[in-house]
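As stored in start25.pdb (PDB, C-alpha atoms and all ligand atoms):
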```pdb
ATOM      1  CA  MET T  11      38.116  64.163 218.135  1.00  0.00           C
ATOM      2  CA  LYS T  12      39.147  60.602 219.014  1.00  0.00           C
ATOM      3  CA  LEU T  13      39.672  58.342 216.008  1.00  0.00           C
ATOM      4  CA  LYS T  14      39.908  54.547 215.912  1.00  0.00           C
ATOM      5  CA  ILE T  15      41.325  52.458 213.085  1.00  0.00           C
ATOM      6  CA  VAL T  16      38.985  50.006 211.331  1.00  0.00           C
ATOM      7  CA  GLU T  17      40.918  46.843 210.455  1.00  0.00           C
ATOM      8  CA  TYR T  18      40.322  44.028 207.982  1.00  0.00           C
ATOM      9  CA  PRO T  19      38.132  41.888 208.062  1.00  0.00           C
ATOM     10  CA  ASP T  20      35.705  44.534 209.409  1.00  0.00           C
ATOM     11  CA  LYS T  21      32.793  44.752 206.912  1.00  0.00           C
ATOM     12  CA  ARG T  22      32.622  48.557 207.297  1.00  0.00           C
ATOM     13  CA  LEU T  23      35.693  48.786 205.024  1.00  0.00           C
ATOM     14  CA  LYS T  24      33.461  47.516 202.196  1.00  0.00           C
ATOM     15  CA  GLU T  25      31.041  50.453 202.486  1.00  0.00           C
ATOM     16  CA  LYS T  26      30.905  53.141 199.793  1.00  0.00           C
ATOM     17  CA  SER T  27      31.716  56.582 201.190  1.00  0.00           C
ATOM     18  CA  ARG T  28      29.279  59.507 200.899  1.00  0.00           C
ATOM     19  CA  LYS T  29      30.054  62.794 199.098  1.00  0.00           C
ATOM     20  CA  ILE T  30      30.719  65.894 201.199  1.00  0.00           C
ATOM     21  CA  ASP T  31      28.377  68.828 200.556  1.00  0.00           C
ATOM     22  CA  ILE T  32      28.954  70.915 203.697  1.00  0.00           C
ATOM     23  CA  PHE T  33      32.451  72.326 204.234  1.00  0.00           C
ATOM     24  CA  ASP T  34      32.121  73.350 207.869  1.00  0.00           C
ATOM     25  CA  LYS T  35      34.052  73.153 211.167  1.00  0.00           C
ATOM     26  CA  LYS T  36      32.954  69.540 211.635  1.00  0.00           C
ATOM     27  CA  LEU T  37      34.762  68.618 208.397  1.00  0.00           C
ATOM     28  CA  HIS T  38      37.837  70.673 209.405  1.00  0.00           C
ATOM     29  CA  ASP T  39      37.937  68.922 212.796  1.00  0.00           C
ATOM     30  CA  LEU T  40      37.806  65.528 211.042  1.00  0.00           C
ATOM     31  CA  LEU T  41      40.636  66.522 208.658  1.00  0.00           C
ATOM     32  CA  ASP T  42      42.797  67.780 211.541  1.00  0.00           C
ATOM     33  CA  ALA T  43      42.178  64.653 213.618  1.00  0.00           C
ATOM     34  CA  MET T  44      42.929  62.428 210.610  1.00  0.00           C
ATOM     35  CA  TYR T  45      46.237  64.223 210.043  1.00  0.00           C
ATOM     36  CA  LEU T  46      47.352  63.660 213.652  1.00  0.00           C
ATOM     37  CA  PHE T  47      46.215  60.047 213.475  1.00  0.00           C
ATOM     38  CA  MET T  48      48.121  59.418 210.223  1.00  0.00           C
ATOM     39  CA  LEU T  49      51.256  61.069 211.625  1.00  0.00           C
ATOM     40  CA  GLU T  50      51.155  58.990 214.829  1.00  0.00           C
ATOM     41  CA  SER T  51      50.590  55.809 212.802  1.00  0.00           C
ATOM     42  CA  ASN T  52      53.487  56.441 210.368  1.00  0.00           C
ATOM     43  CA  GLY T  53      51.049  56.532 207.450  1.00  0.00           C
ATOM     44  CA  ILE T  54      51.482  58.305 204.125  1.00  0.00           C
ATOM     45  CA  GLY T  55      47.811  58.128 203.215  1.00  0.00           C
ATOM     46  CA  LEU T  56      44.510  57.737 205.062  1.00  0.00           C
ATOM     47  CA  ALA T  57      40.860  57.613 203.986  1.00  0.00           C
ATOM     48  CA  ALA T  58      38.079  58.676 206.391  1.00  0.00           C
ATOM     49  CA  ILE T  59      36.390  55.256 206.144  1.00  0.00           C
ATOM     50  CA  GLN T  60      39.496  53.770 207.837  1.00  0.00           C
ATOM     51  CA  VAL T  61      38.647  55.787 210.959  1.00  0.00           C
ATOM     52  CA  GLU T  62      34.886  55.084 211.044  1.00  0.00           C
ATOM     53  CA  HIS T  63      33.719  58.001 208.836  1.00  0.00           C
ATOM     54  CA  ALA T  64      32.271  56.801 205.514  1.00  0.00           C
ATOM     55  CA  LYS T  65      32.872  60.161 203.791  1.00  0.00           C
ATOM     56  CA  GLU T  66      34.735  61.041 200.571  1.00  0.00           C
ATOM     57  CA  VAL T  67      37.692  62.472 202.466  1.00  0.00           C
ATOM     58  CA  LEU T  68      41.326  61.392 202.203  1.00  0.00           C
ATOM     59  CA  LEU T  69      44.783  62.618 203.128  1.00  0.00           C
ATOM     60  CA  LEU T  70      48.145  62.160 201.440  1.00  0.00           C
ATOM     61  CA  ASN T  71      51.474  62.998 203.003  1.00  0.00           C
ATOM     62  CA  ILE T  72      54.261  61.631 200.823  1.00  0.00           C
ATOM     63  CA  PRO T  73      57.753  62.023 202.330  1.00  0.00           C
ATOM     64  CA  LEU T  74      60.348  64.071 200.409  1.00  0.00           C
ATOM     65  CA  GLU T  75      63.333  62.306 198.800  1.00  0.00           C
ATOM     66  CA  ASP T  76      65.359  62.747 202.022  1.00  0.00           C
ATOM     67  CA  GLY T  77      62.582  60.936 203.917  1.00  0.00           C
ATOM     68  CA  GLU T  78      61.291  64.090 205.596  1.00  0.00           C
ATOM     69  CA  GLN T  79      57.506  64.116 206.067  1.00  0.00           C
ATOM     70  CA  THR T  80      56.171  67.572 206.933  1.00  0.00           C
ATOM     71  CA  LYS T  81      52.749  69.200 206.976  1.00  0.00           C
ATOM     72  CA  ASP T  82      53.915  71.279 203.951  1.00  0.00           C
ATOM     73  CA  ASN T  83      53.478  68.102 201.877  1.00  0.00           C
ATOM     74  CA  LEU T  84      49.982  67.361 203.205  1.00  0.00           C
ATOM     75  CA  ILE T  85      47.244  67.148 200.567  1.00  0.00           C
ATOM     76  CA  GLU T  86      43.620  67.111 201.729  1.00  0.00           C
ATOM     77  CA  VAL T  87      41.352  65.609 199.076  1.00  0.00           C
ATOM     78  CA  ILE T  88      37.552  65.741 199.191  1.00  0.00           C
ATOM     79  CA  ASN T  89      35.118  64.295 196.605  1.00  0.00           C
ATOM     80  CA  PRO T  90      37.872  63.165 194.172  1.00  0.00           C
ATOM     81  CA  ILE T  91      37.197  62.119 190.577  1.00  0.00           C
ATOM     82  CA  ILE T  92      39.888  60.554 188.378  1.00  0.00           C
ATOM     83  CA  THR T  93      39.834  62.398 185.040  1.00  0.00           C
ATOM     84  CA  LYS T  94      42.903  60.851 183.357  1.00  0.00           C
ATOM     85  CA  LYS T  95      44.837  57.602 183.842  1.00  0.00           C
ATOM     86  CA  GLU T  96      47.836  56.397 181.856  1.00  0.00           C
ATOM     87  CA  GLY T  97      50.557  53.758 181.900  1.00  0.00           C
ATOM     88  CA  GLU T  98      51.214  50.968 184.336  1.00  0.00           C
ATOM     89  CA  SER T  99      53.232  50.744 187.515  1.00  0.00           C
ATOM     90  CA  THR T 100      53.759  48.118 190.221  1.00  0.00           C
ATOM     91  CA  TYR T 101      54.494  49.082 193.815  1.00  0.00           C
ATOM     92  CA  GLN T 102      54.614  47.224 197.126  1.00  0.00           C
ATOM     93  CA  GLU T 103      51.685  48.654 199.084  1.00  0.00           C
ATOM     94  CA  GLY T 104      50.718  48.604 202.726  1.00  0.00           C
ATOM     95  CA  CYS T 105      47.635  49.835 204.558  1.00  0.00           C
ATOM     96  CA  LEU T 106      46.965  50.849 208.159  1.00  0.00           C
ATOM     97  CA  SER T 107      43.743  48.793 207.976  1.00  0.00           C
ATOM     98  CA  VAL T 108      45.668  45.659 206.952  1.00  0.00           C
ATOM     99  CA  PRO T 109      48.570  45.649 209.439  1.00  0.00           C
ATOM    100  CA  GLU T 110      51.864  43.860 208.780  1.00  0.00           C
ATOM    101  CA  PHE T 111      51.091  42.868 205.204  1.00  0.00           C
ATOM    102  CA  TYR T 112      52.691  44.328 202.089  1.00  0.00           C
ATOM    103  CA  GLU T 113      52.170  43.180 198.502  1.00  0.00           C
ATOM    104  CA  ASP T 114      52.879  44.294 194.939  1.00  0.00           C
ATOM    105  CA  VAL T 115      49.865  45.904 193.286  1.00  0.00           C
ATOM    106  CA  LYS T 116      49.601  46.998 189.647  1.00  0.00           C
ATOM    107  CA  ARG T 117      48.082  50.453 189.073  1.00  0.00           C
ATOM    108  CA  TYR T 118      48.106  53.362 186.595  1.00  0.00           C
ATOM    109  CA  GLU T 119      51.451  55.153 186.421  1.00  0.00           C
ATOM    110  CA  THR T 120      50.082  58.684 186.133  1.00  0.00           C
ATOM    111  CA  ILE T 121      46.664  60.082 186.952  1.00  0.00           C
ATOM    112  CA  SER T 122      44.855  63.400 187.069  1.00  0.00           C
ATOM    113  CA  ILE T 123      42.107  64.116 189.578  1.00  0.00           C
ATOM    114  CA  ASN T 124      39.567  66.829 190.210  1.00  0.00           C
ATOM    115  CA  TYR T 125      38.699  67.320 193.869  1.00  0.00           C
ATOM    116  CA  GLN T 126      37.701  69.892 196.470  1.00  0.00           C
ATOM    117  CA  ASP T 127      39.788  71.313 199.296  1.00  0.00           C
ATOM    118  CA  ARG T 128      38.590  71.836 202.886  1.00  0.00           C
ATOM    119  CA  ASP T 129      36.788  75.068 201.874  1.00  0.00           C
ATOM    120  CA  GLY T 130      35.013  73.526 198.896  1.00  0.00           C
ATOM    121  CA  ASN T 131      37.292  75.095 196.242  1.00  0.00           C
ATOM    122  CA  THR T 132      37.661  72.946 193.106  1.00  0.00           C
ATOM    123  CA  LYS T 133      41.223  71.782 192.379  1.00  0.00           C
ATOM    124  CA  THR T 134      43.104  69.703 189.827  1.00  0.00           C
ATOM    125  CA  LEU T 135      46.100  67.497 190.576  1.00  0.00           C
ATOM    126  CA  ASP T 136      48.387  65.631 188.167  1.00  0.00           C
ATOM    127  CA  ALA T 137      50.261  62.858 189.950  1.00  0.00           C
ATOM    128  CA  ASP T 138      52.965  60.336 189.181  1.00  0.00           C
ATOM    129  CA  GLY T 139      55.268  58.096 191.226  1.00  0.00           C
ATOM    130  CA  LEU T 140      54.295  57.231 194.814  1.00  0.00           C
ATOM    131  CA  LEU T 141      51.735  60.063 194.986  1.00  0.00           C
ATOM    132  CA  SER T 142      49.822  58.574 192.043  1.00  0.00           C
ATOM    133  CA  ILE T 143      49.873  55.092 193.632  1.00  0.00           C
ATOM    134  CA  ALA T 144      48.791  56.399 197.045  1.00  0.00           C
ATOM    135  CA  ILE T 145      45.900  58.442 195.561  1.00  0.00           C
ATOM    136  CA  GLN T 146      44.614  55.374 193.691  1.00  0.00           C
ATOM    137  CA  HIS T 147      44.930  53.275 196.881  1.00  0.00           C
ATOM    138  CA  GLU T 148      42.959  55.864 198.911  1.00  0.00           C
ATOM    139  CA  ILE T 149      40.271  56.425 196.224  1.00  0.00           C
ATOM    140  CA  ASP T 150      39.756  52.643 196.225  1.00  0.00           C
ATOM    141  CA  HIS T 151      38.967  52.907 199.971  1.00  0.00           C
ATOM    142  CA  LEU T 152      36.158  55.375 199.137  1.00  0.00           C
ATOM    143  CA  ASN T 153      34.663  52.655 196.921  1.00  0.00           C
ATOM    144  CA  GLY T 154      35.035  49.921 199.551  1.00  0.00           C
ATOM    145  CA  ILE T 155      38.049  48.353 197.849  1.00  0.00           C
ATOM    146  CA  LEU T 156      41.235  47.252 199.653  1.00  0.00           C
ATOM    147  CA  PHE T 157      44.597  46.592 197.997  1.00  0.00           C
ATOM    148  CA  ILE T 158      44.253  42.912 198.947  1.00  0.00           C
ATOM    149  CA  ASP T 159      41.114  42.773 196.741  1.00  0.00           C
ATOM    150  CA  LYS T 160      43.430  43.367 193.767  1.00  0.00           C
ATOM    151  CA  LEU T 161      45.652  40.327 194.409  1.00  0.00           C
ATOM    152  CA  SER T 162      45.563  37.191 192.283  1.00  0.00           C
ATOM    153  CA  TYR T 163      43.672  34.183 193.679  1.00  0.00           C
ATOM    154  CA  SER T 164      46.860  32.481 194.906  1.00  0.00           C
ATOM    155  CA  ARG T 165      48.354  35.632 196.484  1.00  0.00           C
ATOM    156  CA  ARG T 166      45.027  36.340 198.200  1.00  0.00           C
ATOM    157  CA  LYS T 167      44.999  32.791 199.620  1.00  0.00           C
ATOM    158  CA  LYS T 168      48.555  33.356 200.899  1.00  0.00           C
ATOM    159  CA  PHE T 169      47.430  36.625 202.497  1.00  0.00           C
ATOM    160  CA  GLU T 170      44.415  35.039 204.246  1.00  0.00           C
ATOM    161  CA  LYS T 171      46.684  32.345 205.718  1.00  0.00           C
ATOM    162  CA  GLU T 172      49.317  34.832 206.917  1.00  0.00           C
ATOM    163  CA  PHE T 173      46.708  37.234 208.283  1.00  0.00           C
ATOM    164  CA  LYS T 174      44.938  34.494 210.243  1.00  0.00           C
ATOM    165  CA  LYS T 175      48.323  33.633 211.814  1.00  0.00           C
ATOM    166  CA  TYR T 176      48.954  37.312 212.603  1.00  0.00           C
ATOM    167  CA  LEU T 177      45.530  37.709 214.302  1.00  0.00           C
ATOM    168  CA  LYS T 178      46.084  34.538 216.346  1.00  0.00           C
ATOM    169  CA  GLU T 179      49.535  35.710 217.503  1.00  0.00           C
ATOM    170  CA  ARG T 180      48.151  39.164 218.367  1.00  0.00           C
ATOM    171  CA  LYS T 181      45.330  37.592 220.399  1.00  0.00           C
ATOM    172  CA  ASN T 182      47.814  35.399 222.306  1.00  0.00           C
ATOM    173  CA  LYS T 183      50.089  38.399 222.979  1.00  0.00           C
ATOM    174  CA  LYS T 184      47.152  40.350 224.463  1.00  0.00           C
ATOM    175  CA  PHE T 185      46.296  37.352 226.655  1.00  0.00           C
ATOM    176  CA  ILE T 186      49.847  37.217 228.085  1.00  0.00           C
ATOM    177  CA  ILE T 187      49.858  40.986 228.900  1.00  0.00           C
TER
HETATM  178  C1  LIG P 201      52.062  52.701 198.656  1.00  0.00           C
HETATM  179  C2  LIG P 201      52.204  52.598 199.984  1.00  0.00           C
HETATM  180  C3  LIG P 201      51.152  52.934 200.806  1.00  0.00           C
HETATM  181  C4  LIG P 201      49.956  53.401 200.284  1.00  0.00           C
HETATM  182  C5  LIG P 201      48.769  53.783 201.101  1.00  0.00           C
HETATM  183  C6  LIG P 201      49.004  54.377 202.424  1.00  0.00           C
HETATM  184  N1  LIG P 201      49.426  53.361 203.351  1.00  0.00           N
HETATM  185  C7  LIG P 201      50.027  53.632 204.521  1.00  0.00           C
HETATM  186  O1  LIG P 201      50.197  54.789 204.847  1.00  0.00           O
HETATM  187  C8  LIG P 201      50.445  52.480 205.343  1.00  0.00           C
HETATM  188  C9  LIG P 201      51.023  52.651 206.504  1.00  0.00           C
HETATM  189  C10 LIG P 201      51.455  51.582 207.385  1.00  0.00           C
HETATM  190  C11 LIG P 201      52.116  51.925 208.564  1.00  0.00           C
HETATM  191  C12 LIG P 201      52.527  50.948 209.462  1.00  0.00           C
HETATM  192  O2  LIG P 201      53.196  51.297 210.602  1.00  0.00           O
HETATM  193  C13 LIG P 201      52.510  51.367 211.803  1.00  0.00           C
HETATM  194  O3  LIG P 201      51.382  50.989 211.901  1.00  0.00           O
HETATM  195  C14 LIG P 201      53.251  51.965 212.926  1.00  0.00           C
HETATM  196  C15 LIG P 201      52.297  49.627 209.188  1.00  0.00           C
HETATM  197  O4  LIG P 201      52.827  48.713 210.098  1.00  0.00           O
HETATM  198  C16 LIG P 201      52.101  47.729 210.683  1.00  0.00           C
HETATM  199  O5  LIG P 201      51.027  47.466 210.303  1.00  0.00           O
HETATM  200  C17 LIG P 201      52.713  47.002 211.793  1.00  0.00           C
HETATM  201  C18 LIG P 201      51.650  49.259 208.021  1.00  0.00           C
HETATM  202  C19 LIG P 201      51.203  50.244 207.115  1.00  0.00           C
HETATM  203  C20 LIG P 201      49.841  53.439 198.957  1.00  0.00           C
HETATM  204  C21 LIG P 201      50.887  53.117 198.162  1.00  0.00           C
HETATM  205 CO    CO P 202      44.732  51.707 202.887  1.00  0.00          CO
END
```
Same coordinates, now as structure tokens:
Amino acid sequence: MKLKIVEYPDKRLKEKSRKIDIFDKKLHDLLDAMYLFMLESNGIGLAAIQVEHAKEVLLLNIPLEDGEQTKDNLIEVINPIITKKEGESTYQEGCLSVPEFYEDVKRYETISINYQDRDGNTKTLDADGLLSIAIQHEIDHLNGILFIDKLSYSRRKKFEKEFKKYLKERKNKKFII
């Protein structure tokens, strides 16, 4: 399955994703393709809406403390619901759909979620640290929210200016090649 990244300011990123009710080969193929895509893109998290599938599907692959990122750490999350949220934490986030931009975002420090795995089994996950932040970032995607939507007015203005410059430079680079 060939996947293509959807980048800001594409309006499709604002769509709300649909719940999964059939856990079949088509879903497994999407999960497998998303994993390869995330690996090739150096991502630690990816929501299906970022690759043109508005479905409640997301992946998390947080590297270990030594920086190693293996499939053993892969978490496939379908139809997630946050059941507990506590504390406060700020982390500099990035997103494959918003290339070359990183900003501090304030989120809950620890969360618990209920979700389903690729076979439809119900699971619970308690998360803190980077995993907690990444889950919240990816669940926001399912609701059509990007991390840049959480910035203050002035930081959002700064982003729009920098991103316009980035798009212009990218367009010029393509023209030269
Ligand atoms: C903290 C940090 C990240 C998240 C959400 C998951 N975000 C990512 O996985 C972002 C990955 C990313 C990778 C990039 O590298 C390449 O594209 C090769 C990247 O670089 C560029 O855009 C040039 C940007 C982002 C939640 C919490
Ligand atoms: Co993202």
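In this model, the gap between CA of Thr120 (chain T) and atom C20 of ligand LIG 201 (chain P) comes to 13.9 Å.
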Mind checking which residues fall within 6 Å of Glu98 (chain T), counting only C-alpha atoms, ignoring those fewer than 6 positions away in the same chain, and posting them as a PDB file with C-alpha atoms, keeping the file's coordinate frame?
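Result file is result14.pdb:
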```pdb
ATOM      1  CA  ARG T 117      48.082  50.453 189.073  1.00  0.00           C
ATOM      2  CA  TYR T 118      48.106  53.362 186.595  1.00  0.00           C
ATOM      3  CA  GLU T 119      51.451  55.153 186.421  1.00  0.00           C
TER       4      GLU T 119
END
```
Closest atom pairs, chain T residues within 7 Å of ligand CO 202 (chain P), all atoms listed in the file, as a tab-separated table:
```
residue	atom	partner	partner_atom	distance
T:Leu56	CA	P:CO202	CO	6.4
T:Gly104	CA	P:CO202	CO	6.7
T:Cys105	CA	P:CO202	CO	3.8
T:Leu106	CA	P:CO202	CO	5.8
T:Ser107	CA	P:CO202	CO	5.9
T:His147	CA	P:CO202	CO	6.2
T:Glu148	CA	P:CO202	CO	6.0
T:His151	CA	P:CO202	CO	6.6
T:Leu156	CA	P:CO202	CO	6.5
```
query: Counting all atoms listed in the file, what residues are within 8 Å of ligand LIG 201 (chain P), given as a PyMOL selection string?
result: chain T and resi 48+50-56+70+101-112+140-141+143-148
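As for CA of Leu46 (chain T) and CA of Val61 (chain T), they are spaced 12.0 Å apart.
Restricting the calculation to all atoms listed in the file, the smallest distance between Phe169 (chain T) and any of T:Val87, T:Lys35, T:Lys29, T:Tyr18 is found for T:Tyr18.
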Show me that you can extract region 24-41 of chain T, keeping N, CA, C and O atoms, and write it as a PDB file, in the first residue's frame.
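Result went into selection-v4.pdb, see below:
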```pdb
ATOM      1  N   LYS T  24      -7.924  18.781   9.075  1.00  0.00           N
ATOM      2  CA  LYS T  24      -8.931  19.307  10.017  1.00  0.00           C
ATOM      3  C   LYS T  24     -10.117  18.351  10.192  1.00  0.00           C
ATOM      4  O   LYS T  24     -10.969  18.536  11.067  1.00  0.00           O
ATOM      5  N   GLU T  25     -10.154  17.322   9.335  1.00  0.00           N
ATOM      6  CA  GLU T  25     -11.271  16.357   9.401  1.00  0.00           C
ATOM      7  C   GLU T  25     -11.241  15.549  10.689  1.00  0.00           C
ATOM      8  O   GLU T  25     -10.169  15.257  11.208  1.00  0.00           O
ATOM      9  N   LYS T  26     -12.435  15.113  11.135  1.00  0.00           N
ATOM     10  CA  LYS T  26     -12.517  14.218  12.293  1.00  0.00           C
ATOM     11  C   LYS T  26     -12.454  12.786  11.765  1.00  0.00           C
ATOM     12  O   LYS T  26     -13.127  12.446  10.784  1.00  0.00           O
ATOM     13  N   SER T  27     -11.634  11.961  12.376  1.00  0.00           N
ATOM     14  CA  SER T  27     -11.482  10.580  11.908  1.00  0.00           C
ATOM     15  C   SER T  27     -12.671   9.715  12.335  1.00  0.00           C
ATOM     16  O   SER T  27     -13.309   9.983  13.352  1.00  0.00           O
ATOM     17  N   ARG T  28     -12.923   8.663  11.536  1.00  0.00           N
ATOM     18  CA  ARG T  28     -14.043   7.749  11.815  1.00  0.00           C
ATOM     19  C   ARG T  28     -13.576   6.541  12.626  1.00  0.00           C
ATOM     20  O   ARG T  28     -12.459   6.053  12.429  1.00  0.00           O
ATOM     21  N   LYS T  29     -14.476   6.044  13.510  1.00  0.00           N
ATOM     22  CA  LYS T  29     -14.161   4.859  14.322  1.00  0.00           C
ATOM     23  C   LYS T  29     -14.007   3.628  13.435  1.00  0.00           C
ATOM     24  O   LYS T  29     -14.636   3.527  12.381  1.00  0.00           O
ATOM     25  N   ILE T  30     -13.187   2.700  13.884  1.00  0.00           N
ATOM     26  CA  ILE T  30     -12.993   1.425  13.179  1.00  0.00           C
ATOM     27  C   ILE T  30     -13.968   0.404  13.767  1.00  0.00           C
ATOM     28  O   ILE T  30     -14.045   0.248  14.989  1.00  0.00           O
ATOM     29  N   ASP T  31     -14.753  -0.265  12.896  1.00  0.00           N
ATOM     30  CA  ASP T  31     -15.590  -1.348  13.445  1.00  0.00           C
ATOM     31  C   ASP T  31     -15.308  -2.694  12.784  1.00  0.00           C
ATOM     32  O   ASP T  31     -15.842  -3.721  13.212  1.00  0.00           O
ATOM     33  N   ILE T  32     -14.444  -2.699  11.771  1.00  0.00           N
ATOM     34  CA  ILE T  32     -14.073  -3.982  11.139  1.00  0.00           C
ATOM     35  C   ILE T  32     -12.554  -4.141  11.242  1.00  0.00           C
ATOM     36  O   ILE T  32     -11.793  -3.299  10.747  1.00  0.00           O
ATOM     37  N   PHE T  33     -12.145  -5.213  11.893  1.00  0.00           N
ATOM     38  CA  PHE T  33     -10.707  -5.452  12.148  1.00  0.00           C
ATOM     39  C   PHE T  33     -10.215  -6.538  11.186  1.00  0.00           C
ATOM     40  O   PHE T  33     -10.001  -7.697  11.566  1.00  0.00           O
ATOM     41  N   ASP T  34     -10.090  -6.152   9.926  1.00  0.00           N
ATOM     42  CA  ASP T  34      -9.797  -7.138   8.878  1.00  0.00           C
ATOM     43  C   ASP T  34      -8.405  -6.923   8.269  1.00  0.00           C
ATOM     44  O   ASP T  34      -7.620  -6.087   8.743  1.00  0.00           O
ATOM     45  N   LYS T  35      -8.137  -7.631   7.181  1.00  0.00           N
ATOM     46  CA  LYS T  35      -6.817  -7.551   6.511  1.00  0.00           C
ATOM     47  C   LYS T  35      -6.544  -6.131   5.999  1.00  0.00           C
ATOM     48  O   LYS T  35      -5.397  -5.672   6.011  1.00  0.00           O
ATOM     49  N   LYS T  36      -7.612  -5.460   5.566  1.00  0.00           N
ATOM     50  CA  LYS T  36      -7.450  -4.093   5.054  1.00  0.00           C
ATOM     51  C   LYS T  36      -6.866  -3.181   6.147  1.00  0.00           C
ATOM     52  O   LYS T  36      -5.970  -2.372   5.899  1.00  0.00           O
ATOM     53  N   LEU T  37      -7.364  -3.362   7.378  1.00  0.00           N
ATOM     54  CA  LEU T  37      -6.848  -2.575   8.509  1.00  0.00           C
ATOM     55  C   LEU T  37      -5.397  -2.977   8.801  1.00  0.00           C
ATOM     56  O   LEU T  37      -4.532  -2.119   9.021  1.00  0.00           O
ATOM     57  N   HIS T  38      -5.121  -4.294   8.772  1.00  0.00           N
ATOM     58  CA  HIS T  38      -3.750  -4.767   9.049  1.00  0.00           C
ATOM     59  C   HIS T  38      -2.768  -4.238   8.003  1.00  0.00           C
ATOM     60  O   HIS T  38      -1.646  -3.857   8.328  1.00  0.00           O
ATOM     61  N   ASP T  39      -3.215  -4.206   6.744  1.00  0.00           N
ATOM     62  CA  ASP T  39      -2.351  -3.680   5.667  1.00  0.00           C
ATOM     63  C   ASP T  39      -2.056  -2.195   5.899  1.00  0.00           C
ATOM     64  O   ASP T  39      -0.934  -1.734   5.682  1.00  0.00           O
ATOM     65  N   LEU T  40      -3.078  -1.451   6.347  1.00  0.00           N
ATOM     66  CA  LEU T  40      -2.880  -0.019   6.632  1.00  0.00           C
ATOM     67  C   LEU T  40      -1.886   0.150   7.779  1.00  0.00           C
ATOM     68  O   LEU T  40      -0.947   0.956   7.684  1.00  0.00           O
ATOM     69  N   LEU T  41      -2.052  -0.637   8.854  1.00  0.00           N
ATOM     70  CA  LEU T  41      -1.142  -0.537  10.007  1.00  0.00           C
ATOM     71  C   LEU T  41       0.296  -0.855   9.593  1.00  0.00           C
ATOM     72  O   LEU T  41       1.240  -0.162   9.983  1.00  0.00           O
TER      73      LEU T  41
END
```
